file entry_33.cif (mmCIF, C-alpha atoms)
data_coords
#
loop_
_atom_site.group_PDB
_atom_site.id
_atom_site.type_symbol
_atom_site.label_atom_id
_atom_site.label_comp_id
_atom_site.auth_asym_id
_atom_site.auth_seq_id
_atom_site.Cartn_x
_atom_site.Cartn_y
_atom_site.Cartn_z
ATOM 1 C CA MET A 966 65.324 9.477 -41.143
ATOM 2 C CA LYS A 967 68.015 11.514 -42.881
ATOM 3 C CA ILE A 968 68.963 11.150 -46.526
ATOM 4 C CA LYS A 969 72.602 10.141 -46.886
ATOM 5 C CA LEU A 970 74.077 12.327 -49.631
ATOM 6 C CA ALA A 971 77.592 11.941 -51.010
ATOM 7 C CA ILE A 972 79.192 14.575 -53.220
ATOM 8 C CA LEU A 973 82.196 13.716 -55.379
ATOM 9 C CA GLU A 974 83.858 16.942 -56.498
ATOM 10 C CA SER A 975 87.407 17.839 -57.551
ATOM 11 C CA ASP A 976 86.957 21.588 -56.914
ATOM 12 C CA GLN A 977 87.699 21.872 -53.186
ATOM 13 C CA SER A 978 86.439 25.459 -52.970
ATOM 14 C CA TYR A 979 83.038 24.533 -54.426
ATOM 15 C CA LEU A 980 82.877 21.428 -52.250
ATOM 16 C CA ASN A 981 83.484 23.462 -49.091
ATOM 17 C CA ARG A 982 80.781 25.981 -50.041
ATOM 18 C CA ILE A 983 78.108 23.413 -50.820
ATOM 19 C CA LEU A 984 78.920 21.435 -47.677
ATOM 20 C CA LEU A 985 78.505 24.569 -45.588
ATOM 21 C CA VAL A 986 75.165 25.456 -47.191
ATOM 22 C CA PHE A 987 73.710 21.945 -46.994
ATOM 23 C CA SER A 988 74.882 21.331 -43.435
ATOM 24 C CA THR A 989 73.419 24.678 -42.363
ATOM 25 C CA LYS A 990 70.080 24.621 -44.201
ATOM 26 C CA TYR A 991 69.342 20.897 -44.248
ATOM 27 C CA ALA A 992 71.091 19.498 -41.160
ATOM 28 C CA ASP A 993 67.841 17.896 -40.011
ATOM 29 C CA LYS A 994 67.184 16.231 -43.396
ATOM 30 C CA ILE A 995 70.574 15.335 -44.876
ATOM 31 C CA GLN A 996 73.660 13.540 -43.656
ATOM 32 C CA ILE A 997 76.336 14.710 -46.081
ATOM 33 C CA TYR A 998 79.574 13.044 -47.147
ATOM 34 C CA SER A 999 82.201 14.627 -49.384
ATOM 35 C CA PHE A 1000 84.883 13.093 -51.560
ATOM 36 C CA SER A 1001 87.498 14.124 -54.071
ATOM 37 C CA SER A 1002 88.503 10.535 -54.869
ATOM 38 C CA LEU A 1003 86.271 8.275 -56.964
ATOM 39 C CA GLU A 1004 87.547 5.108 -55.290
ATOM 40 C CA MET A 1005 86.847 6.414 -51.796
ATOM 41 C CA ALA A 1006 83.373 7.585 -52.832
ATOM 42 C CA ILE A 1007 82.444 4.192 -54.310
ATOM 43 C CA THR A 1008 83.695 2.408 -51.186
ATOM 44 C CA ALA A 1009 81.673 4.721 -48.938
ATOM 45 C CA VAL A 1010 78.511 4.324 -51.016
ATOM 46 C CA VAL A 1011 78.549 0.635 -50.208
ATOM 47 C CA SER A 1012 79.861 0.711 -46.632
ATOM 48 C CA GLU A 1013 77.844 3.731 -45.433
ATOM 49 C CA LYS A 1014 74.688 2.820 -47.383
ATOM 50 C CA ILE A 1015 74.598 6.169 -49.201
ATOM 51 C CA ASP A 1016 71.188 7.060 -50.685
ATOM 52 C CA VAL A 1017 72.319 9.624 -53.283
ATOM 53 C CA LEU A 1018 75.664 10.217 -55.000
ATOM 54 C CA ILE A 1019 76.267 13.364 -57.039
ATOM 55 C CA ALA A 1020 79.572 13.462 -58.913
ATOM 56 C CA ASN A 1021 81.267 16.142 -60.942
ATOM 57 C CA ASP A 1022 81.024 15.299 -64.637
ATOM 58 C CA SER A 1023 84.836 15.094 -64.856
ATOM 59 C CA PHE A 1024 84.607 11.729 -63.060
ATOM 60 C CA ASP A 1025 83.649 8.597 -64.967
ATOM 61 C CA VAL A 1026 81.412 6.766 -62.498
ATOM 62 C CA ASN A 1027 80.499 3.162 -63.259
ATOM 63 C CA THR A 1028 76.993 3.018 -61.792
ATOM 64 C CA ASP A 1029 77.166 -0.791 -61.766
ATOM 65 C CA GLU A 1030 79.574 -0.439 -58.815
ATOM 66 C CA LEU A 1031 76.984 1.494 -56.796
ATOM 67 C CA SER A 1032 74.466 -0.090 -54.507
ATOM 68 C CA HIS A 1033 71.115 -0.720 -56.201
ATOM 69 C CA ARG A 1034 69.500 1.583 -53.627
ATOM 70 C CA CYS A 1035 71.792 4.545 -54.413
ATOM 71 C CA SER A 1036 70.488 7.189 -56.815
ATOM 72 C CA PHE A 1037 73.058 8.929 -58.991
ATOM 73 C CA ALA A 1038 73.496 12.162 -60.957
ATOM 74 C CA TYR A 1039 76.303 14.248 -62.399
ATOM 75 C CA PHE A 1040 77.008 17.865 -61.451
ATOM 76 C CA VAL A 1041 77.378 20.031 -64.558
ATOM 77 C CA ASP A 1042 78.174 23.701 -65.184
ATOM 78 C CA SER A 1043 75.246 24.475 -67.484
ATOM 79 C CA PRO A 1044 71.539 24.475 -66.560
ATOM 80 C CA ASP A 1045 70.669 23.387 -70.110
ATOM 81 C CA VAL A 1046 72.278 19.947 -69.787
ATOM 82 C CA GLU A 1047 69.801 17.229 -68.793
ATOM 83 C CA THR A 1048 71.952 14.104 -69.081
ATOM 84 C CA VAL A 1049 75.654 13.240 -69.085
ATOM 85 C CA LYS A 1050 77.010 9.815 -69.999
ATOM 86 C CA GLY A 1051 73.458 8.482 -69.922
ATOM 87 C CA GLN A 1052 72.843 9.725 -66.365
ATOM 88 C CA ARG A 1053 70.763 12.579 -64.970
ATOM 89 C CA ALA A 1054 72.533 15.953 -64.724
ATOM 90 C CA ILE A 1055 72.114 18.691 -62.099
ATOM 91 C CA CYS A 1056 73.490 22.195 -62.576
ATOM 92 C CA LYS A 1057 75.816 22.881 -59.681
ATOM 93 C CA PHE A 1058 75.594 26.674 -60.052
ATOM 94 C CA GLN A 1059 72.067 27.232 -58.787
ATOM 95 C CA LYS A 1060 70.414 27.844 -55.458
ATOM 96 C CA ALA A 1061 70.856 25.109 -52.867
ATOM 97 C CA GLU A 1062 67.072 24.725 -52.639
ATOM 98 C CA LEU A 1063 66.929 23.681 -56.292
ATOM 99 C CA ILE A 1064 69.772 21.218 -55.904
ATOM 100 C CA TYR A 1065 68.055 19.758 -52.839
ATOM 101 C CA LYS A 1066 64.772 19.299 -54.728
#

call {"tool": "encode", "arguments": {"input": "entry_33.cif", "output": "C-alpha cells"}}
result
Amino acid sequence: MKIKLAILESDQSYLNRILLVFSTKYADKIQIYSFSSLEMAITAVVSEKIDVLIANDSFDVNTDELSHRCSFAYFVDSPDVETVKGQRAICKFQKAELIYK
C-alpha cells in the first residue's frame, strides 16, 4: 500500500524538483499530489483520502478541515525550526531521504 502524500507549495520551481525526486526515488512507496492552492489541497485531502499533507509555512492551514487520518506538517526554510503555528515543521532544504523519514 502506498502512502498518499500531498504537498502544498507556492514556489513552483521547488515543487517541480521535489515531485521529480519523490516520484523517482519513492515511486513504489508514495503516491504524490501537488498543489499551489490551499482550497484545492483541502478538497483533495478529503476526496482522495490523503495520508500526509505538507504545506509551505506561508499557508495558514486549518487542521480541523483535514481528515482525522491525515497527518500534517509545515515546510520551513530553517532546519532549526521544530514547530510552526503549533504544528510540526520539516526543513524543505535537506536531502529527500530525510524528508521522507

call {"tool": "residues_near_point", "arguments": {"input": "entry_33.cif", "point": "(71.2, 26.9, -64.4)", "cutoff": "12 Å", "atoms": "all atoms listed in the file", "output": "list in words"}}
result
Phe1040, Val1041, Asp1042, Ser1043, Pro1044, Asp1045, Val1046, Glu1047, Ala1054, Ile1055, Cys1056, Lys1057, Phe1058, Gln1059, Lys1060, Ala1061, Leu1063 and Ile1064 of chain A

call {"tool": "residues_around", "arguments": {"input": "entry_33.cif", "residues": "Asp1025 (chain A)", "least_positions_apart": "5", "cutoff": "12 Å", "atoms": "all atoms listed in the file", "output": "list in words"}}
result
Leu973, Glu974, Ser1002, Leu1003, Glu1004, Ile1007, Ile1019, Ala1020, Glu1030, Ala1038, Tyr1039, Phe1040, Val1049, Lys1050, Gly1051 and Gln1052 of chain A

call {"tool": "residues_around", "arguments": {"input": "entry_33.cif", "residues": "Ser1036 (chain A)", "least_positions_apart": "5", "cutoff": "7 Å", "atoms": "all atoms listed in the file", "output": "ChimeraX atom specification"}}
result
/A:1016-1018

call {"tool": "atom_distance", "arguments": {"input": "entry_33.cif", "atom1": "CA of Asp976 (chain A)", "atom2": "CA of Arg1034 (chain A)"}}
result
26.8 Å

call {"tool": "closest_residue", "arguments": {"input": "entry_33.cif", "among": "A:Val1010, A:Ile968, A:Leu984, A:Ile1015", "to": "Gln996 (chain A)", "atoms": "only C-alpha atoms"}}
result
A:Ile968

call {"tool": "atom_distance", "arguments": {"input": "entry_33.cif", "atom1": "CA of Ile995 (chain A)", "atom2": "CA of Lys967 (chain A)"}}
result
5.0 Å

call {"tool": "atom_distance", "arguments": {"input": "entry_33.cif", "atom1": "CA of Asn981 (chain A)", "atom2": "CA of Asn1027 (chain A)"}}
result
24.9 Å

call {"tool": "residues_around", "arguments": {"input": "entry_33.cif", "residues": "Leu985 (chain A)", "least_positions_apart": "5", "cutoff": "12 Å", "atoms": "all atoms listed in the file", "output": "compact mmCIF listing (two decimals) with C-alpha atoms, keeping the file's coordinate frame"}}
result
# COMPACT_ATOMS: atom_id res chain seq x y z
CA SER A 978 86.44 25.46 -52.97
CA TYR A 979 83.04 24.53 -54.43
CA LEU A 980 82.88 21.43 -52.25
CA LYS A 990 70.08 24.62 -44.20
CA TYR A 991 69.34 20.90 -44.25
CA ALA A 992 71.09 19.50 -41.16
CA ILE A 997 76.34 14.71 -46.08
CA TYR A 998 79.57 13.04 -47.15
CA SER A 999 82.20 14.63 -49.38
CA ALA A 1061 70.86 25.11 -52.87

call {"tool": "closest_residue", "arguments": {"input": "entry_33.cif", "among": "A:Lys994, A:Lys1066, A:His1033, A:Arg1053", "to": "Val1011 (chain A)", "atoms": "all atoms listed in the file"}}
result
A:His1033
